[in-house]
Structure formats: C-alpha cells, structure tokens
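J.: Just passing along the structure, written as structure tokens.
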Amino acid sequence: MAPRGQTSGPRRPTPRLYLVAPEVADPGALAASLAQALGAADVAAVLVRLAAADERTLINRAKVLAPVIQTPGAAFLLEGHHDLVGRAGADGAHLAGIDAFTAAAGTLQPQRIAGCGGLRTRHDAMLAGEAGADYVLFGEPHRSGARPAFDAVVERVAWWAELFEVPCVGYAATLAEIGRLVRAGADFVAVGDGVFKDPRGPAAAAGEAARLLVLPEAVG
C-alpha cells in the first residue's frame, strides 16, 4: 500500500454512502425499502446479511435483491458467504476479521470486491490492506449489537485516512454520526438502522444521509 499523503494535500472527493441492510429472511419485504433508499440517494454499495438457511434458499434470497440493488448502480455485497457470490449474482463479499478475509479473498479477486471489517487492531487493518482488501470498514456492530466506542471509530478512520490509499468505510450508527466520519476522512460512510429504522422511512433518511456527506457540519 502506498501512503495516502497528508490531509493538507488535494481535497478528497465527497464520501459516498454504503448501506447496511437489515438481516434478510424475507427478501420481498426488504426489496421495497431498498428501492426507496436507492431512489433517494447516490449509494455506492449495499451490504446484505442473509438469515441462516440452506444454500439454495440463501441464493434465491440474494437473487431477488440483486436487480433492486444493481439497477440503480450500487454494488451488491454479501456479508460472508464468499462461496455464493457468483451464483447469487453479487458483486463481492464483506469478510469479518483478517483470518476470514485472507482465507476468502483469493476466491473473489480480481473479478469481485473483497472488503474487510471486524478489524480489532491497527495491525489487523494493515494486514488487510497489505493482503489486497478493496476497502476496510471500521465501527460496524457485532451481530449481538455491541460496537466500538464512536470516538475510537473516528480516531481509527482519521489514522487510516492520513496514511493509506486503500479506501476506508466508517460506520455511523445514527445519521448524527455521519459528520464526524466525513471530517475524519472516510471515503465511504456505512449506515444501517439509521436509514432502515428511521420513522420517516428509508427514502427520507437516505436523502438526509446523502446531504450530510456533502455538508457534514450540519450534524455531528
């Protein structure tokens, strides 16, 4: 990896939105929410988490969502399940932890995206970058709901943005967290419940999230 350079250099492009969809058991129900969100904002990628099921069911669920995500131009990423990416019509996979990433990346790249999250230490993040991760993600919650302290996530994003070229995704648990991640230098901002559980609906929430990427001082 080559150094990104100092933040006083050329201005980075505006970050893009990375949506983290709720766990999918009924893809038809999620498809409507995804379509609303994708119609309201420029979204770079959607991460889909499939509820446990047999392999054929997992593939069928993913195939329902693939055109909903990809037609507007977003990349369709599966959480884990790197072995199903091709058959599901996905664009890549998000792997949790450096061990999972190094075990799976070779089956995805260079044709498909291989991202890495669940990085507990700076050392793990650097290993992922050196191993060819298409992006690293900091701050995503565990399936239990626990997540790192937000101040620590912001610090990790700022450290990465200053030193490395590999794109960095910062996870915002709420729309109010987006501004600090943008100012820290995130290339992408991931939002999950902040969009899909917003009482105003996913379109309104995604639209606001997109505006905050451009005007981070508005919130946070």
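Please note that chains go A, B, ... in the order of the structure tokens, that every chain numbers its residues from 1, and that ligands are numbered from 1 in the order shown.
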Would you list the contacts of Pro67 of chain A as a VMD selection string, taking every protein, DNA or RNA residue within 12 Å and counting only C-alpha atoms, but skipping same-chain residues closer than 4 positions in sequence?
T.: chain A and resid 27 31 34 to 35 38 46 61 to 63 71 to 76 88 to 91
J.: Can you tell me, as a ChimeraX atom specification, what residues are no more than 9 Å from Pro167 of chain A when counting only C-alpha atoms, ignoring any on the same chain fewer than 2 positions away?
T.: /A:133-137,160-161,164-165,169,186-188
J.: Generate a file of the selected residues that holds C-alpha atoms, formatted as a PDB file, in the first residue's frame.
T.:
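File result-v8.pdb, as written:
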```pdb
ATOM      1  CA  ALA A 133      -8.595  -5.556   0.613  1.00  0.00           C
ATOM      2  CA  ASP A 134     -10.707  -3.376  -1.668  1.00  0.00           C
ATOM      3  CA  TYR A 135     -11.733  -1.445   1.444  1.00  0.00           C
ATOM      4  CA  VAL A 136     -11.517  -1.637   5.217  1.00  0.00           C
ATOM      5  CA  LEU A 137     -14.516  -0.903   7.449  1.00  0.00           C
ATOM      6  CA  TRP A 160      -6.210   5.314   8.208  1.00  0.00           C
ATOM      7  CA  ALA A 161      -7.233   8.236   6.001  1.00  0.00           C
ATOM      8  CA  PHE A 164      -3.143   4.735   3.493  1.00  0.00           C
ATOM      9  CA  GLU A 165      -4.572   4.645  -0.025  1.00  0.00           C
ATOM     10  CA  VAL A 169     -15.503   2.956   5.368  1.00  0.00           C
ATOM     11  CA  ALA A 186     -13.816   8.401   5.485  1.00  0.00           C
ATOM     12  CA  ASP A 187     -14.099   7.540   1.788  1.00  0.00           C
ATOM     13  CA  PHE A 188     -17.468   5.893   2.410  1.00  0.00           C
TER      14      PHE A 188
END
```
J.: In Å to one decimal, how far is atom CA of Ala158 of chain A from atom CA of Phe101 of chain A?
T.: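 Separating atom CA of Phe101 of chain A from atom CA of Ala158 of chain A is a distance of 22.6 Å.
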J.: If you measure from atom CA of Ile113 of chain A to atom CA of Ala96 of chain A, what distance in Å do you get, rounded to one decimal?
T.: 13.9 Å
J.: So what do you get for atom CA of Pro22 of chain A versus atom CA of His123 of chain A, distance-wise?
T.: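 Interatomic distance here is 29.5 Å.
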J.: As a PyMOL selection string, please: every residue in segment 33-211 of chain A that a backbone DSSP assignment puts in strand (DSSP E).
T.: chain A and resi 43-48+75-79+92-96+113-117+135-138+168-172+188-191
